[in-house]
Amino acid sequence: MGLIDRATGSVQNFDAGEITPGDFIAACPDGQILFTGIPRSGGEARLFRMNGDGGGITQLTTSGIARNPSCSADSAVAYFSLGTDVDVSLWSVPVAGGTPKNLVPPDNYHIATVFRDGTRAVLFGIRQEKFGAVITDLATGHRRPPVSVDKGSGNVMGLSPDNRAFVADVLQDGGNTFLVQPFDGSPAHSLFNPVPETLTDFAWSPSGKQLAVARLKLSSDVVFILDVTGKDQTGKETH
């Protein structure tokens with residue numbers, strides 16, 4: 001974990017001490033950082049917070065597998081999921097520390113995300129062989145009918161900056177792109193032309209006008225293998 005200066009490209013690495021960083025990290029509007037990690041004692045990934053300079057690390061959860069943290073608009077509340085890939089529950093906890101609160105009980109979804117206004121959450125999962133999302137009112141528990149998208153893999157998903165659509169990775173024209181699917185049933189549209197690389201994550205700028213996308217590119221090399229006798233696989237001596 002660390003910071004990159006966009007102007008110079010210099011990198012500042014953070015020392016998490018005896019915490020092994022996990023797979024998830026998120027920034028709050030005020031610069032605080034939420035991340036998952038495995039404590040010194042081992043076991044499951046917990047939720048932690050740190051200051052923007054990497055100091056002041058505080059553990060926020062003590063049980064369950066913490067995943068997908070996000071921050072409220074006022075940087076006071078951390079939202080996160082607990083559970084396995086197909087049966088998560090949604091929780092909140094004060095960023096300053098406190099008692100976690102269950103917002104949505106465990107269900108057959110694998111990612112839950114809270115809207116910026118903190119009043120609703122969207123649950124992502126596979127239903128009837130289609131990837132889709134369900135909006136849940138956090139005060140009443142009422143759920144809207146699912147919104148589905150064809151050819152969605154369900155690997156990466158999130159909300160648009162205006163909270164009016166969900167964004168998901170899809171296979172399109174032989175490549176991968178992100179599809180924006182409005183909740184009101186309006187036509188979906190892709191954010192960019194399909195690319196061959198696997199899409200692993202994305203994030204919006206604070207203004208919502210720029211999109212950062214992480215792509216996984218695999219490459220392989222031809223390797224000439226020698227056996228322990230120093231011969232190639234034709235049996236000839238090599239020097």
# chains A, B, ... in the order shown; residues from 1 in each chain; ligands from 1
>>> residues_around(residues="A:Ala121", least_positions_apart="2", cutoff="6 Å", atoms="only C-alpha atoms", output="VMD selection string")
chain A and resid 113 to 115 135 to 136
>>> write_last_selection(atoms="C-alpha atoms", output="PDB file, in the first residue's frame")
ATOM      1  CA  THR A 113     -22.382  -1.573  -1.855  1.00  0.00           C
ATOM      2  CA  VAL A 114     -23.947   1.437  -0.131  1.00  0.00           C
ATOM      3  CA  PHE A 115     -25.163   4.485  -2.059  1.00  0.00           C
ATOM      4  CA  ILE A 135     -31.581  -2.168  -4.480  1.00  0.00           C
ATOM      5  CA  THR A 136     -32.458  -2.387  -0.780  1.00  0.00           C
TER       6      THR A 136
END
>>> select_by_dssp(residues="stretch 9-194 of chain A", states="strand (DSSP E or B)", output="ChimeraX atom specification")
/A:11-13,20-27,33-38,46-50,58-59,66-71,77-84,87-94,101-107,111-114,120-127,130-137,143,147-149,152-159,165-172,175-182,189-190
>>> write_last_selection(atoms="C-alpha atoms", output="compact mmCIF listing (two decimals), in the first residue's frame")
# COMPACT_ATOMS: atom_id res chain seq x y z
CA VAL A 11 5.92 6.30 -4.83
CA GLN A 12 5.57 6.43 -1.03
CA ASN A 13 5.09 3.00 0.51
CA THR A 20 -0.63 -8.55 6.11
CA PRO A 21 -2.59 -6.35 3.65
CA GLY A 22 -5.64 -7.98 2.09
CA ASP A 23 -7.35 -7.58 -1.27
CA PHE A 24 -9.44 -4.46 -0.62
CA ILE A 25 -8.65 -0.79 -0.10
CA ALA A 26 -10.74 2.41 -0.28
CA ALA A 27 -10.19 6.11 0.37
CA ILE A 33 -7.87 4.98 4.13
CA LEU A 34 -9.85 1.80 4.73
CA PHE A 35 -8.25 -1.55 3.99
CA THR A 36 -8.58 -5.22 4.79
CA GLY A 37 -5.71 -7.18 6.31
CA ILE A 38 -4.82 -10.21 8.37
CA ARG A 46 -10.35 -7.79 9.26
CA LEU A 47 -11.14 -4.16 8.45
CA PHE A 48 -8.60 -1.46 9.33
CA ARG A 49 -8.29 2.31 8.90
CA MET A 50 -5.24 4.53 8.60
CA THR A 58 -6.71 1.10 13.83
CA GLN A 59 -8.48 -2.25 13.65
CA ALA A 66 -14.16 -8.32 5.86
CA ARG A 67 -14.47 -7.34 2.19
CA ASN A 68 -15.30 -4.38 -0.06
CA PRO A 69 -14.99 -1.38 2.30
CA SER A 70 -16.34 2.04 1.38
CA CYS A 71 -16.75 5.34 3.18
CA VAL A 77 -18.89 5.75 8.67
CA ALA A 78 -17.24 2.74 7.05
CA TYR A 79 -19.39 0.25 5.14
CA PHE A 80 -18.18 -3.28 4.47
CA SER A 81 -19.29 -6.84 3.73
CA LEU A 82 -18.76 -9.93 5.84
CA GLY A 83 -18.96 -13.47 4.55
CA THR A 84 -18.07 -15.77 1.69
CA ASP A 87 -23.43 -15.30 1.05
CA VAL A 88 -22.47 -11.88 2.33
CA SER A 89 -23.96 -9.53 4.89
CA LEU A 90 -23.61 -5.74 4.88
CA TRP A 91 -22.29 -3.84 7.92
CA SER A 92 -21.29 -0.37 9.06
CA VAL A 93 -18.88 0.85 11.74
CA PRO A 94 -17.67 4.34 12.78
CA LYS A 101 -23.88 -2.62 13.00
CA ASN A 102 -25.55 -5.15 10.71
CA LEU A 103 -27.45 -3.39 7.90
CA VAL A 104 -28.43 -6.32 5.66
CA PRO A 105 -28.43 -9.93 6.94
CA PRO A 106 -26.56 -12.69 5.07
CA ASP A 107 -28.03 -13.39 1.65
CA ILE A 111 -20.97 -8.02 -3.06
CA ALA A 112 -22.97 -5.29 -1.30
CA THR A 113 -22.38 -1.57 -1.85
CA VAL A 114 -23.95 1.44 -0.13
CA ARG A 120 -29.85 2.45 0.23
CA ALA A 121 -27.61 -0.46 -0.68
CA VAL A 122 -27.27 -2.50 -3.84
CA LEU A 123 -26.66 -6.26 -3.71
CA PHE A 124 -24.85 -7.89 -6.63
CA GLY A 125 -25.10 -11.54 -7.60
CA ILE A 126 -26.00 -14.19 -10.17
CA ARG A 127 -29.70 -15.00 -10.58
CA LYS A 130 -27.68 -13.74 -15.27
CA PHE A 131 -25.68 -11.17 -13.35
CA GLY A 132 -27.85 -8.55 -11.68
CA ALA A 133 -28.40 -6.11 -8.84
CA VAL A 134 -31.09 -5.51 -6.23
CA ILE A 135 -31.58 -2.17 -4.48
CA THR A 136 -32.46 -2.39 -0.78
CA ASP A 137 -33.80 0.43 1.41
CA ARG A 143 -36.16 -4.52 -2.06
CA VAL A 147 -32.00 -5.36 -12.61
CA SER A 148 -30.11 -7.80 -14.84
CA VAL A 149 -27.43 -7.49 -17.50
CA GLY A 152 -21.97 -9.98 -17.14
CA SER A 153 -19.34 -12.05 -15.36
CA GLY A 154 -19.95 -10.62 -11.88
CA ASN A 155 -16.24 -10.23 -11.18
CA VAL A 156 -16.20 -6.43 -10.91
CA MET A 157 -19.20 -4.27 -10.08
CA GLY A 158 -20.07 -0.94 -8.54
CA LEU A 159 -22.17 2.20 -8.86
CA ALA A 165 -26.88 2.90 -12.50
CA PHE A 166 -24.65 -0.01 -11.69
CA VAL A 167 -21.44 -0.72 -13.56
CA ALA A 168 -20.30 -4.26 -14.34
CA ASP A 169 -17.63 -5.97 -16.39
CA VAL A 170 -19.05 -7.73 -19.46
CA LEU A 171 -17.82 -9.72 -22.43
CA GLN A 172 -18.58 -7.80 -25.61
CA GLY A 175 -13.22 -8.33 -25.42
CA ASN A 176 -13.93 -6.92 -21.99
CA THR A 177 -15.51 -3.60 -21.09
CA PHE A 178 -17.64 -2.01 -18.39
CA LEU A 179 -21.36 -1.70 -19.03
CA VAL A 180 -23.47 1.01 -17.37
CA GLN A 181 -26.98 -0.33 -16.63
CA PRO A 182 -29.43 2.36 -15.40
CA HIS A 189 -24.07 1.57 -22.70
CA SER A 190 -20.41 0.60 -22.53
>>> residues_around(residues="A:Asp201", least_positions_apart="5", cutoff="8 Å", atoms="only C-alpha atoms", output="JSON, numbers by chain")
{"A": [156, 213, 214, 215]}
>>> residues_around(residues="A:Gly54", least_positions_apart="4", cutoff="8 Å", atoms="only C-alpha atoms", output="PyMOL selection string")
chain A and resi 2+14-16+50
>>> atom_distance(atom1="atom CA of A:Ser205", atom2="atom CA of A:Thr119")
21.9 Å
>>> atom_distance(atom1="atom CA of A:Asp74", atom2="atom CA of A:Phe183")
25.1 Å
>>> decode(residues="stretch 112-140 of chain A", atoms="N, CA and C atoms", output="JSON list (two decimals), in the first residue's frame")
[["chain", "number", "residue", "atom", "x", "y", "z"],
["A", 112, "ALA", "N", -21.97, -6.28, -1.68],
["A", 112, "ALA", "CA", -22.97, -5.29, -1.30],
["A", 112, "ALA", "C", -22.30, -3.93, -1.23],
["A", 113, "THR", "N", -22.95, -2.92, -1.80],
["A", 113, "THR", "CA", -22.38, -1.57, -1.85],
["A", 113, "THR", "C", -23.43, -0.57, -1.42],
["A", 114, "VAL", "N", -23.03, 0.42, -0.63],
["A", 114, "VAL", "CA", -23.95, 1.44, -0.13],
["A", 114, "VAL", "C", -23.90, 2.68, -1.03],
["A", 115, "PHE", "N", -25.08, 3.24, -1.30],
["A", 115, "PHE", "CA", -25.16, 4.49, -2.06],
["A", 115, "PHE", "C", -24.51, 5.62, -1.27],
["A", 116, "ARG", "N", -24.10, 6.67, -1.97],
["A", 116, "ARG", "CA", -23.39, 7.78, -1.33],
["A", 116, "ARG", "C", -24.24, 8.47, -0.28],
["A", 117, "ASP", "N", -25.58, 8.45, -0.44],
["A", 117, "ASP", "CA", -26.42, 9.12, 0.55],
["A", 117, "ASP", "C", -26.65, 8.28, 1.80],
["A", 118, "GLY", "N", -26.17, 7.02, 1.79],
["A", 118, "GLY", "CA", -26.27, 6.17, 2.97],
["A", 118, "GLY", "C", -27.65, 5.62, 3.26],
["A", 119, "THR", "N", -28.62, 5.82, 2.38],
["A", 119, "THR", "CA", -29.99, 5.37, 2.66],
["A", 119, "THR", "C", -30.32, 4.04, 2.01],
["A", 120, "ARG", "N", -29.56, 3.67, 0.98],
["A", 120, "ARG", "CA", -29.85, 2.45, 0.23],
["A", 120, "ARG", "C", -28.56, 1.67, -0.02],
["A", 121, "ALA", "N", -28.74, 0.39, -0.30],
["A", 121, "ALA", "CA", -27.61, -0.46, -0.68],
["A", 121, "ALA", "C", -28.00, -1.23, -1.93],
["A", 122, "VAL", "N", -27.01, -1.65, -2.68],
["A", 122, "VAL", "CA", -27.27, -2.50, -3.84],
["A", 122, "VAL", "C", -26.52, -3.80, -3.65],
["A", 123, "LEU", "N", -27.22, -4.92, -3.86],
["A", 123, "LEU", "CA", -26.66, -6.26, -3.71],
["A", 123, "LEU", "C", -26.42, -6.83, -5.09],
["A", 124, "PHE", "N", -25.22, -7.35, -5.33],
["A", 124, "PHE", "CA", -24.85, -7.89, -6.63],
["A", 124, "PHE", "C", -24.72, -9.40, -6.54],
["A", 125, "GLY", "N", -25.22, -10.09, -7.58],
["A", 125, "GLY", "CA", -25.10, -11.54, -7.60],
["A", 125, "GLY", "C", -25.59, -12.13, -8.89],
["A", 126, "ILE", "N", -25.54, -13.46, -9.00],
["A", 126, "ILE", "CA", -26.00, -14.19, -10.17],
["A", 126, "ILE", "C", -27.38, -14.77, -9.85],
["A", 127, "ARG", "N", -28.34, -14.47, -10.72],
["A", 127, "ARG", "CA", -29.70, -15.00, -10.58],
["A", 127, "ARG", "C", -30.16, -15.55, -11.92],
["A", 128, "GLN", "N", -30.58, -16.84, -11.93],
["A", 128, "GLN", "CA", -31.07, -17.49, -13.14],
["A", 128, "GLN", "C", -30.06, -17.31, -14.29],
["A", 129, "GLU", "N", -28.79, -17.56, -13.96],
["A", 129, "GLU", "CA", -27.68, -17.53, -14.92],
["A", 129, "GLU", "C", -27.44, -16.15, -15.51],
["A", 130, "LYS", "N", -27.94, -15.11, -14.85],
["A", 130, "LYS", "CA", -27.68, -13.74, -15.27],
["A", 130, "LYS", "C", -27.15, -12.93, -14.09],
["A", 131, "PHE", "N", -26.20, -12.05, -14.38],
["A", 131, "PHE", "CA", -25.68, -11.17, -13.35],
["A", 131, "PHE", "C", -26.65, -10.01, -13.16],
["A", 132, "GLY", "N", -26.91, -9.62, -11.92],
["A", 132, "GLY", "CA", -27.85, -8.55, -11.68],
["A", 132, "GLY", "C", -27.65, -7.88, -10.34],
["A", 133, "ALA", "N", -28.51, -6.89, -10.07],
["A", 133, "ALA", "CA", -28.40, -6.11, -8.84],
["A", 133, "ALA", "C", -29.79, -5.86, -8.26],
["A", 134, "VAL", "N", -29.84, -5.79, -6.94],
["A", 134, "VAL", "CA", -31.09, -5.51, -6.23],
["A", 134, "VAL", "C", -30.85, -4.35, -5.28],
["A", 135, "ILE", "N", -31.69, -3.32, -5.37],
["A", 135, "ILE", "CA", -31.58, -2.17, -4.48],
["A", 135, "ILE", "C", -32.41, -2.43, -3.22],
["A", 136, "THR", "N", -31.80, -2.18, -2.07],
["A", 136, "THR", "CA", -32.46, -2.39, -0.78],
["A", 136, "THR", "C", -32.50, -1.09, 0.01],
["A", 137, "ASP", "N", -33.66, -0.73, 0.53],
["A", 137, "ASP", "CA", -33.80, 0.43, 1.41],
["A", 137, "ASP", "C", -33.31, 0.02, 2.79],
["A", 138, "LEU", "N", -32.29, 0.71, 3.30],
["A", 138, "LEU", "CA", -31.68, 0.30, 4.57],
["A", 138, "LEU", "C", -32.58, 0.58, 5.77],
["A", 139, "ALA", "N", -33.51, 1.51, 5.65],
["A", 139, "ALA", "CA", -34.39, 1.82, 6.78],
["A", 139, "ALA", "C", -35.54, 0.83, 6.89],
["A", 140, "THR", "N", -36.10, 0.42, 5.75],
["A", 140, "THR", "CA", -37.27, -0.44, 5.75],
["A", 140, "THR", "C", -36.98, -1.88, 5.37]]
